[in-house]
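J.: Got a structure for you, final-v4.cif, holding mmCIF, C-alpha atoms.
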data_protein
#
loop_
_atom_site.group_PDB
_atom_site.id
_atom_site.type_symbol
_atom_site.label_atom_id
_atom_site.label_comp_id
_atom_site.auth_asym_id
_atom_site.auth_seq_id
_atom_site.Cartn_x
_atom_site.Cartn_y
_atom_site.Cartn_z
ATOM 1 C CA MET A 1371 25.918 156.875 -31.055
ATOM 2 C CA SER A 1372 27.149 155.006 -27.957
ATOM 3 C CA GLN A 1373 25.097 154.179 -24.866
ATOM 4 C CA LYS A 1374 27.423 156.494 -22.891
ATOM 5 C CA GLU A 1375 26.264 159.373 -25.037
ATOM 6 C CA ASN A 1376 22.667 158.276 -24.419
ATOM 7 C CA GLU A 1377 23.261 158.501 -20.659
ATOM 8 C CA GLN A 1378 24.548 162.054 -21.056
ATOM 9 C CA GLY A 1379 21.253 163.115 -22.593
ATOM 10 C CA ALA A 1380 22.090 163.244 -26.326
ATOM 11 C CA LEU A 1381 19.563 160.507 -27.040
ATOM 12 C CA PRO A 1382 16.831 158.787 -25.011
ATOM 13 C CA PRO A 1383 18.034 155.578 -23.317
ATOM 14 C CA THR A 1384 17.644 152.459 -25.416
ATOM 15 C CA PRO A 1385 14.998 149.922 -24.305
ATOM 16 C CA GLU A 1386 17.777 147.441 -23.500
ATOM 17 C CA PHE A 1387 19.585 149.936 -21.245
ATOM 18 C CA THR A 1388 16.306 150.930 -19.585
ATOM 19 C CA GLU A 1389 15.542 147.294 -18.741
ATOM 20 C CA GLU A 1390 19.081 146.702 -17.468
ATOM 21 C CA LEU A 1391 19.001 149.753 -15.199
ATOM 22 C CA GLY A 1392 15.649 148.732 -13.700
ATOM 23 C CA ASP A 1393 16.479 145.058 -13.241
ATOM 24 C CA ASN A 1394 19.733 145.972 -11.517
ATOM 25 C CA HIS A 1395 17.923 148.440 -9.224
ATOM 26 C CA ALA A 1396 20.657 151.005 -9.782
ATOM 27 C CA LEU A 1397 20.467 154.424 -8.168
ATOM 28 C CA THR A 1398 21.866 157.568 -9.767
ATOM 29 C CA SER A 1399 21.953 159.921 -6.768
ATOM 30 C CA ILE A 1400 21.611 159.988 -2.985
ATOM 31 C CA ASP A 1401 19.080 162.787 -3.438
ATOM 32 C CA THR A 1402 15.692 161.925 -4.889
ATOM 33 C CA PRO A 1403 15.758 163.175 -8.519
ATOM 34 C CA LEU A 1404 13.364 166.130 -8.631
ATOM 35 C CA ARG A 1405 12.856 168.892 -11.174
ATOM 36 C CA LYS A 1406 13.202 172.513 -10.069
ATOM 37 C CA ASP A 1407 9.506 173.092 -10.813
ATOM 38 C CA ALA A 1408 8.397 170.025 -8.857
ATOM 39 C CA PHE A 1409 6.124 172.001 -6.538
ATOM 40 C CA GLU A 1410 4.695 174.680 -8.810
ATOM 41 C CA LEU A 1411 1.428 172.737 -9.163
ATOM 42 C CA THR A 1412 -0.896 172.409 -6.192
ATOM 43 C CA ASP A 1413 -1.868 168.952 -4.958
ATOM 44 C CA ASP A 1414 -5.288 169.297 -6.568
ATOM 45 C CA GLU A 1415 -3.714 170.289 -9.890
ATOM 46 C CA LYS A 1416 -1.383 167.297 -9.747
ATOM 47 C CA ILE A 1417 -4.301 164.984 -8.984
ATOM 48 C CA ALA A 1418 -6.199 166.313 -12.002
ATOM 49 C CA VAL A 1419 -3.245 165.751 -14.354
ATOM 50 C CA ILE A 1420 -2.454 162.265 -13.038
ATOM 51 C CA GLN A 1421 -6.148 161.330 -13.144
ATOM 52 C CA LYS A 1422 -6.310 162.202 -16.835
ATOM 53 C CA HIS A 1423 -3.159 160.305 -17.778
ATOM 54 C CA PHE A 1424 -3.917 157.245 -15.684
ATOM 55 C CA GLY A 1425 -7.352 157.075 -17.295
ATOM 56 C CA GLU A 1426 -5.588 157.057 -20.674
ATOM 57 C CA ILE A 1427 -3.364 154.195 -19.529
ATOM 58 C CA MET A 1428 -6.390 152.160 -18.488
ATOM 59 C CA HIS A 1429 -8.139 152.988 -21.770
ATOM 60 C CA THR A 1430 -5.043 151.940 -23.749
ATOM 61 C CA LEU A 1431 -5.018 148.619 -21.902
ATOM 62 C CA GLY A 1432 -8.522 148.044 -23.234
ATOM 63 C CA LEU A 1433 -10.485 148.566 -20.039
ATOM 64 C CA ASP A 1434 -14.064 149.834 -20.238
ATOM 65 C CA MET A 1435 -13.873 153.184 -18.469
ATOM 66 C CA GLU A 1436 -17.666 153.432 -18.408
ATOM 67 C CA ASP A 1437 -17.877 150.431 -16.098
ATOM 68 C CA GLU A 1438 -19.073 151.490 -12.645
ATOM 69 C CA SER A 1439 -16.221 149.659 -10.904
ATOM 70 C CA LEU A 1440 -13.518 151.319 -13.031
ATOM 71 C CA ARG A 1441 -14.942 154.790 -13.549
ATOM 72 C CA GLY A 1442 -13.474 156.281 -10.376
ATOM 73 C CA THR A 1443 -10.150 154.422 -10.479
ATOM 74 C CA PRO A 1444 -8.092 157.172 -12.191
ATOM 75 C CA TYR A 1445 -9.098 159.676 -9.508
ATOM 76 C CA ARG A 1446 -8.491 157.191 -6.692
ATOM 77 C CA VAL A 1447 -5.026 156.355 -8.006
ATOM 78 C CA ALA A 1448 -4.131 160.021 -8.537
ATOM 79 C CA LYS A 1449 -5.240 160.985 -5.037
ATOM 80 C CA MET A 1450 -3.360 158.009 -3.560
ATOM 81 C CA TYR A 1451 -0.168 158.996 -5.400
ATOM 82 C CA VAL A 1452 -0.230 162.646 -4.325
ATOM 83 C CA LYS A 1453 -1.752 162.476 -0.835
ATOM 84 C CA GLU A 1454 -0.518 159.115 0.427
ATOM 85 C CA ILE A 1455 2.158 156.872 -1.033
ATOM 86 C CA PHE A 1456 4.262 159.658 -2.612
ATOM 87 C CA ASN A 1457 3.546 162.305 0.002
ATOM 88 C CA GLY A 1458 7.198 162.143 1.046
ATOM 89 C CA LEU A 1459 8.135 164.078 -2.090
ATOM 90 C CA ASN A 1460 6.594 167.192 -0.561
ATOM 91 C CA PRO A 1461 8.978 169.103 1.747
ATOM 92 C CA ALA A 1462 5.952 170.473 3.596
ATOM 93 C CA ALA A 1463 5.264 166.941 4.867
ATOM 94 C CA LYS A 1464 8.731 166.531 6.349
ATOM 95 C CA PRO A 1465 8.541 165.838 10.096
ATOM 96 C CA THR A 1466 10.091 168.363 12.438
ATOM 97 C CA ALA A 1467 12.524 166.564 14.718
ATOM 98 C CA ARG A 1468 12.624 168.825 17.738
ATOM 99 C CA LYS A 1469 15.764 168.272 19.793
ATOM 100 C CA PHE A 1470 15.822 168.073 23.581
ATOM 101 C CA GLY A 1471 18.765 168.328 25.923
ATOM 102 C CA ASN A 1472 19.961 164.979 27.265
ATOM 103 C CA LYS A 1473 19.552 166.181 30.856
ATOM 104 C CA TYR A 1474 19.545 162.689 32.326
ATOM 105 C CA GLN A 1475 22.944 162.055 30.682
ATOM 106 C CA TYR A 1476 21.956 158.777 29.034
ATOM 107 C CA GLY A 1477 25.041 157.900 27.006
ATOM 108 C CA ASP A 1478 24.354 154.431 25.616
ATOM 109 C CA MET A 1479 22.699 153.228 22.445
ATOM 110 C CA VAL A 1480 19.086 154.117 21.654
ATOM 111 C CA LEU A 1481 17.522 151.614 19.245
ATOM 112 C CA GLU A 1482 14.122 151.831 17.572
ATOM 113 C CA LYS A 1483 13.549 148.512 15.822
ATOM 114 C CA ASN A 1484 10.890 146.867 13.666
ATOM 115 C CA ILE A 1485 9.741 150.155 12.141
ATOM 116 C CA ASN A 1486 7.358 149.421 9.271
ATOM 117 C CA VAL A 1487 8.667 150.378 5.829
ATOM 118 C CA THR A 1488 6.339 150.702 2.828
ATOM 119 C CA SER A 1489 7.901 152.294 -0.215
ATOM 120 C CA PHE A 1490 7.734 152.052 -4.012
ATOM 121 C CA CYS A 1491 10.545 151.016 -6.333
ATOM 122 C CA GLU A 1492 11.219 153.928 -8.689
ATOM 123 C CA HIS A 1493 12.000 151.577 -11.589
ATOM 124 C CA HIS A 1494 8.642 149.771 -11.768
ATOM 125 C CA PHE A 1495 6.423 151.653 -9.265
ATOM 126 C CA LEU A 1496 5.775 148.436 -7.354
ATOM 127 C CA PRO A 1497 5.949 148.321 -3.545
ATOM 128 C CA PHE A 1498 8.789 147.107 -1.384
ATOM 129 C CA ILE A 1499 7.840 146.353 2.189
ATOM 130 C CA GLY A 1500 9.849 145.492 5.275
ATOM 131 C CA LYS A 1501 11.356 146.711 8.512
ATOM 132 C CA ALA A 1502 13.841 149.382 9.531
ATOM 133 C CA HIS A 1503 16.036 149.268 12.625
ATOM 134 C CA VAL A 1504 17.552 152.621 13.583
ATOM 135 C CA ALA A 1505 19.959 153.456 16.400
ATOM 136 C CA TYR A 1506 22.014 156.351 17.665
ATOM 137 C CA VAL A 1507 24.236 157.393 20.547
ATOM 138 C CA SER A 1508 23.478 160.842 21.917
ATOM 139 C CA THR A 1509 26.196 163.461 22.039
ATOM 140 C CA GLY A 1510 24.026 165.815 24.053
ATOM 141 C CA LYS A 1511 20.760 165.919 22.119
ATOM 142 C CA VAL A 1512 17.817 163.490 21.887
ATOM 143 C CA ILE A 1513 14.620 163.435 19.823
ATOM 144 C CA GLY A 1514 11.231 161.885 20.538
ATOM 145 C CA LEU A 1515 11.082 158.199 19.652
ATOM 146 C CA SER A 1516 8.087 158.664 17.363
ATOM 147 C CA LYS A 1517 10.106 161.150 15.298
ATOM 148 C CA ILE A 1518 12.421 158.316 14.243
ATOM 149 C CA ASN A 1519 9.414 156.399 12.908
ATOM 150 C CA ARG A 1520 8.190 159.538 11.137
ATOM 151 C CA ILE A 1521 11.575 160.121 9.496
ATOM 152 C CA VAL A 1522 11.564 156.559 8.153
ATOM 153 C CA ASP A 1523 7.989 156.937 6.924
ATOM 154 C CA TYR A 1524 8.636 160.319 5.274
ATOM 155 C CA PHE A 1525 11.553 159.161 3.143
ATOM 156 C CA SER A 1526 9.758 155.890 2.360
ATOM 157 C CA ARG A 1527 6.785 157.726 0.847
ATOM 158 C CA ARG A 1528 8.392 158.519 -2.481
ATOM 159 C CA PRO A 1529 9.642 156.528 -5.469
ATOM 160 C CA GLN A 1530 12.767 154.975 -4.000
ATOM 161 C CA VAL A 1531 15.746 152.688 -4.265
ATOM 162 C CA GLN A 1532 16.394 150.862 -1.004
ATOM 163 C CA GLU A 1533 20.040 151.906 -0.863
ATOM 164 C CA ARG A 1534 19.077 155.574 -1.226
ATOM 165 C CA LEU A 1535 16.344 155.241 1.381
ATOM 166 C CA THR A 1536 18.884 153.843 3.860
ATOM 167 C CA LEU A 1537 21.275 156.741 3.266
ATOM 168 C CA GLN A 1538 18.555 159.391 3.413
ATOM 169 C CA ILE A 1539 17.319 158.110 6.769
ATOM 170 C CA ALA A 1540 20.874 158.088 8.140
ATOM 171 C CA ASN A 1541 21.589 161.601 6.831
ATOM 172 C CA GLU A 1542 18.414 163.016 8.353
ATOM 173 C CA LEU A 1543 18.953 161.308 11.693
ATOM 174 C CA GLN A 1544 22.557 162.500 11.839
ATOM 175 C CA GLN A 1545 21.485 166.068 11.117
ATOM 176 C CA ALA A 1546 18.548 165.976 13.531
ATOM 177 C CA LEU A 1547 20.642 164.618 16.403
ATOM 178 C CA GLU A 1548 23.842 166.518 15.621
ATOM 179 C CA SER A 1549 25.595 163.190 16.089
ATOM 180 C CA GLU A 1550 27.876 161.119 13.864
ATOM 181 C CA ASP A 1551 26.926 157.959 15.767
ATOM 182 C CA VAL A 1552 23.949 156.561 13.848
ATOM 183 C CA ALA A 1553 23.075 153.207 12.334
ATOM 184 C CA VAL A 1554 20.349 152.180 9.888
ATOM 185 C CA PHE A 1555 19.455 148.604 8.934
ATOM 186 C CA LEU A 1556 16.699 147.889 6.385
ATOM 187 C CA GLU A 1557 15.353 144.522 5.257
ATOM 188 C CA CYS A 1558 12.639 144.562 2.593
ATOM 189 C CA ARG A 1559 10.859 142.333 0.103
ATOM 190 C CA HIS A 1560 10.463 143.855 -3.368
ATOM 191 C CA LEU A 1561 7.337 143.128 -5.387
ATOM 192 C CA CYS A 1562 9.216 144.032 -8.563
ATOM 193 C CA VAL A 1563 11.328 140.946 -7.806
ATOM 194 C CA SER A 1564 8.506 138.680 -6.641
ATOM 195 C CA THR A 1565 5.803 139.534 -9.214
ATOM 196 C CA ARG A 1566 7.820 140.112 -12.401
ATOM 197 C CA GLY A 1567 11.190 139.229 -13.876
ATOM 198 C CA ILE A 1568 12.707 136.412 -11.810
ATOM 199 C CA LYS A 1569 9.472 136.100 -9.739
ATOM 200 C CA ASP A 1570 11.350 135.126 -6.563
ATOM 201 C CA ARG A 1571 8.920 135.388 -3.657
ATOM 202 C CA GLU A 1572 11.302 134.288 -0.887
ATOM 203 C CA SER A 1573 14.291 136.622 -1.167
ATOM 204 C CA SER A 1574 14.720 139.858 0.758
ATOM 205 C CA THR A 1575 17.188 142.727 0.464
ATOM 206 C CA VAL A 1576 19.284 144.068 3.349
ATOM 207 C CA THR A 1577 20.937 147.488 3.286
ATOM 208 C CA THR A 1578 22.883 149.153 6.092
ATOM 209 C CA ASP A 1579 24.652 152.384 6.933
ATOM 210 C CA TYR A 1580 26.947 152.477 9.963
ATOM 211 C CA ARG A 1581 28.467 155.789 11.004
ATOM 212 C CA GLY A 1582 30.699 157.025 13.814
ATOM 213 C CA ARG A 1583 30.970 154.589 16.702
ATOM 214 C CA PHE A 1584 28.760 152.069 14.914
ATOM 215 C CA ARG A 1585 31.711 151.279 12.638
ATOM 216 C CA GLU A 1586 33.458 149.822 15.674
ATOM 217 C CA GLU A 1587 33.057 146.061 15.589
ATOM 218 C CA ASN A 1588 31.811 145.652 19.176
ATOM 219 C CA VAL A 1589 29.234 148.473 18.932
ATOM 220 C CA GLN A 1590 28.011 147.237 15.550
ATOM 221 C CA GLN A 1591 27.675 143.699 16.905
ATOM 222 C CA ARG A 1592 25.640 144.921 19.891
ATOM 223 C CA PHE A 1593 23.330 146.726 17.481
ATOM 224 C CA ILE A 1594 22.845 143.539 15.434
ATOM 225 C CA ASP A 1595 22.334 141.446 18.574
ATOM 226 C CA TYR A 1596 19.634 143.838 19.792
ATOM 227 C CA ILE A 1597 17.862 143.594 16.424
ATOM 228 C CA ARG A 1598 17.835 139.807 16.734
ATOM 229 C CA THR A 1599 16.433 139.916 20.271
ATOM 230 C CA HIS A 1600 12.779 138.963 20.358
ATOM 231 C CA THR A 1601 10.679 141.283 22.512
ATOM 232 C CA GLU A 1602 7.575 139.868 24.162
ATOM 233 C CA MET A 1603 4.855 142.491 24.277
ATOM 234 C CA VAL A 1604 2.308 142.494 27.122
#
Just dump the structure as structure tokens.
T.:
Amino acid sequence: MSQKENEQGALPPTPEFTEELGDNHALTSIDTPLRKDAFELTDDEKIAVIQKHFGEIMHTLGLDMEDESLRGTPYRVAKMYVKEIFNGLNPAAKPTARKFGNKYQYGDMVLEKNINVTSFCEHHFLPFIGKAHVAYVSTGKVIGLSKINRIVDYFSRRPQVQERLTLQIANELQQALESEDVAVFLECRHLCVSTRGIKDRESSTVTTDYRGRFREENVQQRFIDYIRTHTEMV
């Protein structure tokens, strides 16, 4: 049977195809792939299941699970997965971006830059870390600046592909602001590139999404120039 038939679900993917997909960091959907029953278990139930299976992984690797240093690791990892680094999978954790009227009629670009990004590659579950720069032009609504940071953080806290993360941030910002004029620029270093495979520790990945007025060359260039500007903090 062909690999195309494998992709359609007739057979599990071959090891070769699985490696190729992961090494190429390909994404299959703009939406994070989730099952319909993704939230039927409580957080505590998920922690218990993950704890059990992660303990089995450690045992299979040959680690002594009776050792005092390792004994609590399965629980710590499970809690970290559910409550922290993958908390962005839970819709209940999604930040509410309350809109305010732009009463002072500010009509120029608003840029929030150097937002910390910490996410996990969905192909190898290794971190990618970097910065996000997000801008918009108000069409009558504004949101609190911290909400932009929270939107970036929320979509980062899930197994991700950087391209998808960029698009999800742009989609959410566009919806929250009721504006087509948004821009997202991400630059990240991927540990799945630096610690395995090619083991390149110097390269970084840039992804962008320019919408509305940010597709205009002069507006886009201003956005990039502002990103490059170094800000001295008091």
J.: Do you know which residues the PyMOL selection byres ((chain A and resi 1547-1549) around 9) returns on this file, as a PyMOL selection string?
T.: chain A and resi 1467+1469+1506-1513+1542-1546+1550-1552+1582
J.: Name all residues at most 12 Å from Val1419 (chain A) (count all atoms listed in the file; drop same-chain ones fewer than 3 positions away) and give them as a list of chain:residue names.
T.: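 Once the nearby chain positions are removed, what remains is A:Leu1411, A:Thr1412, A:Asp1413, A:Asp1414, A:Glu1415, A:Lys1416, A:Lys1422, A:His1423, A:Phe1424, A:Gly1425, A:Glu1426, A:Pro1444, A:Tyr1445, A:Val1447, A:Ala1448, A:Lys1449, A:Tyr1451, A:Val1452.
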J.: Keeping only C-alpha atoms, write the selected residues to a file as a tab-separated table (two decimals), in the coordinates of the input.
T.:
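File again34.tsv, as written:
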chain	number	residue	atom	x	y	z
A	1411	LEU	CA	1.43	172.74	-9.16
A	1412	THR	CA	-0.90	172.41	-6.19
A	1413	ASP	CA	-1.87	168.95	-4.96
A	1414	ASP	CA	-5.29	169.30	-6.57
A	1415	GLU	CA	-3.71	170.29	-9.89
A	1416	LYS	CA	-1.38	167.30	-9.75
A	1422	LYS	CA	-6.31	162.20	-16.84
A	1423	HIS	CA	-3.16	160.30	-17.78
A	1424	PHE	CA	-3.92	157.24	-15.68
A	1425	GLY	CA	-7.35	157.07	-17.30
A	1426	GLU	CA	-5.59	157.06	-20.67
A	1444	PRO	CA	-8.09	157.17	-12.19
A	1445	TYR	CA	-9.10	159.68	-9.51
A	1447	VAL	CA	-5.03	156.35	-8.01
A	1448	ALA	CA	-4.13	160.02	-8.54
A	1449	LYS	CA	-5.24	160.99	-5.04
A	1451	TYR	CA	-0.17	159.00	-5.40
A	1452	VAL	CA	-0.23	162.65	-4.32
J.: Got a sec to check which residues sit within 10 Å of (12.2, 145.3, 18.8), counting all atoms listed in the file, and write them as a list in words?
T.: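 Counting all atoms listed in the file, I find these residues within 10 Å of (12.2, 145.3, 18.8): Leu1481, Glu1482, Lys1483, Asn1484, Ile1485, His1503, Tyr1596, Ile1597, Arg1598, Thr1599, His1600, Thr1601, Glu1602 and Met1603 of chain A.
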J.: Counting all atoms listed in the file, figure out which residue out of A:Met1450, A:Leu1537, A:Val1480, A:Val1589 gets nearest to Ile1420 (chain A).
T.: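 Checking each candidate against Ile1420 (chain A), we get A:Met1450 as the closest.
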J.: Could you check which of A:Gly1471, A:Pro1465, A:Asp1434, A:Leu1561 is closest to Asn1519 (chain A), using all atoms listed in the file?
T.: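 Checking each of A:Gly1471, A:Pro1465, A:Asp1434, A:Leu1561 against Asn1519 (chain A), counting all atoms listed in the file, the winner is A:Pro1465.
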J.: Closest to Phe1490 (chain A) among A:Phe1409, A:Phe1555, A:Phe1470, A:Phe1456, using all atoms listed in the file?
T.: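 Closest to Phe1490 (chain A), using all atoms listed in the file: A:Phe1456.
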J.: Would you work out the distance separating CA of Leu1496 (chain A) from CA of Pro1529 (chain A), expressed in Å to one decimal?
T.: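 Computing the Euclidean distance for CA of Leu1496 (chain A) and CA of Pro1529 (chain A) yields 9.2 Å.
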J.: With 10 Å as the threshold, what does the neighbourhood of (17.0, 148.6, 4.3) contain in terms of residues, counting all atoms listed in the file? Coordinates are those of the file; answer as a VMD selection string.
T.: chain A and resid 1487 1499 to 1503 1531 to 1537 1539 1554 to 1559 1574 to 1579
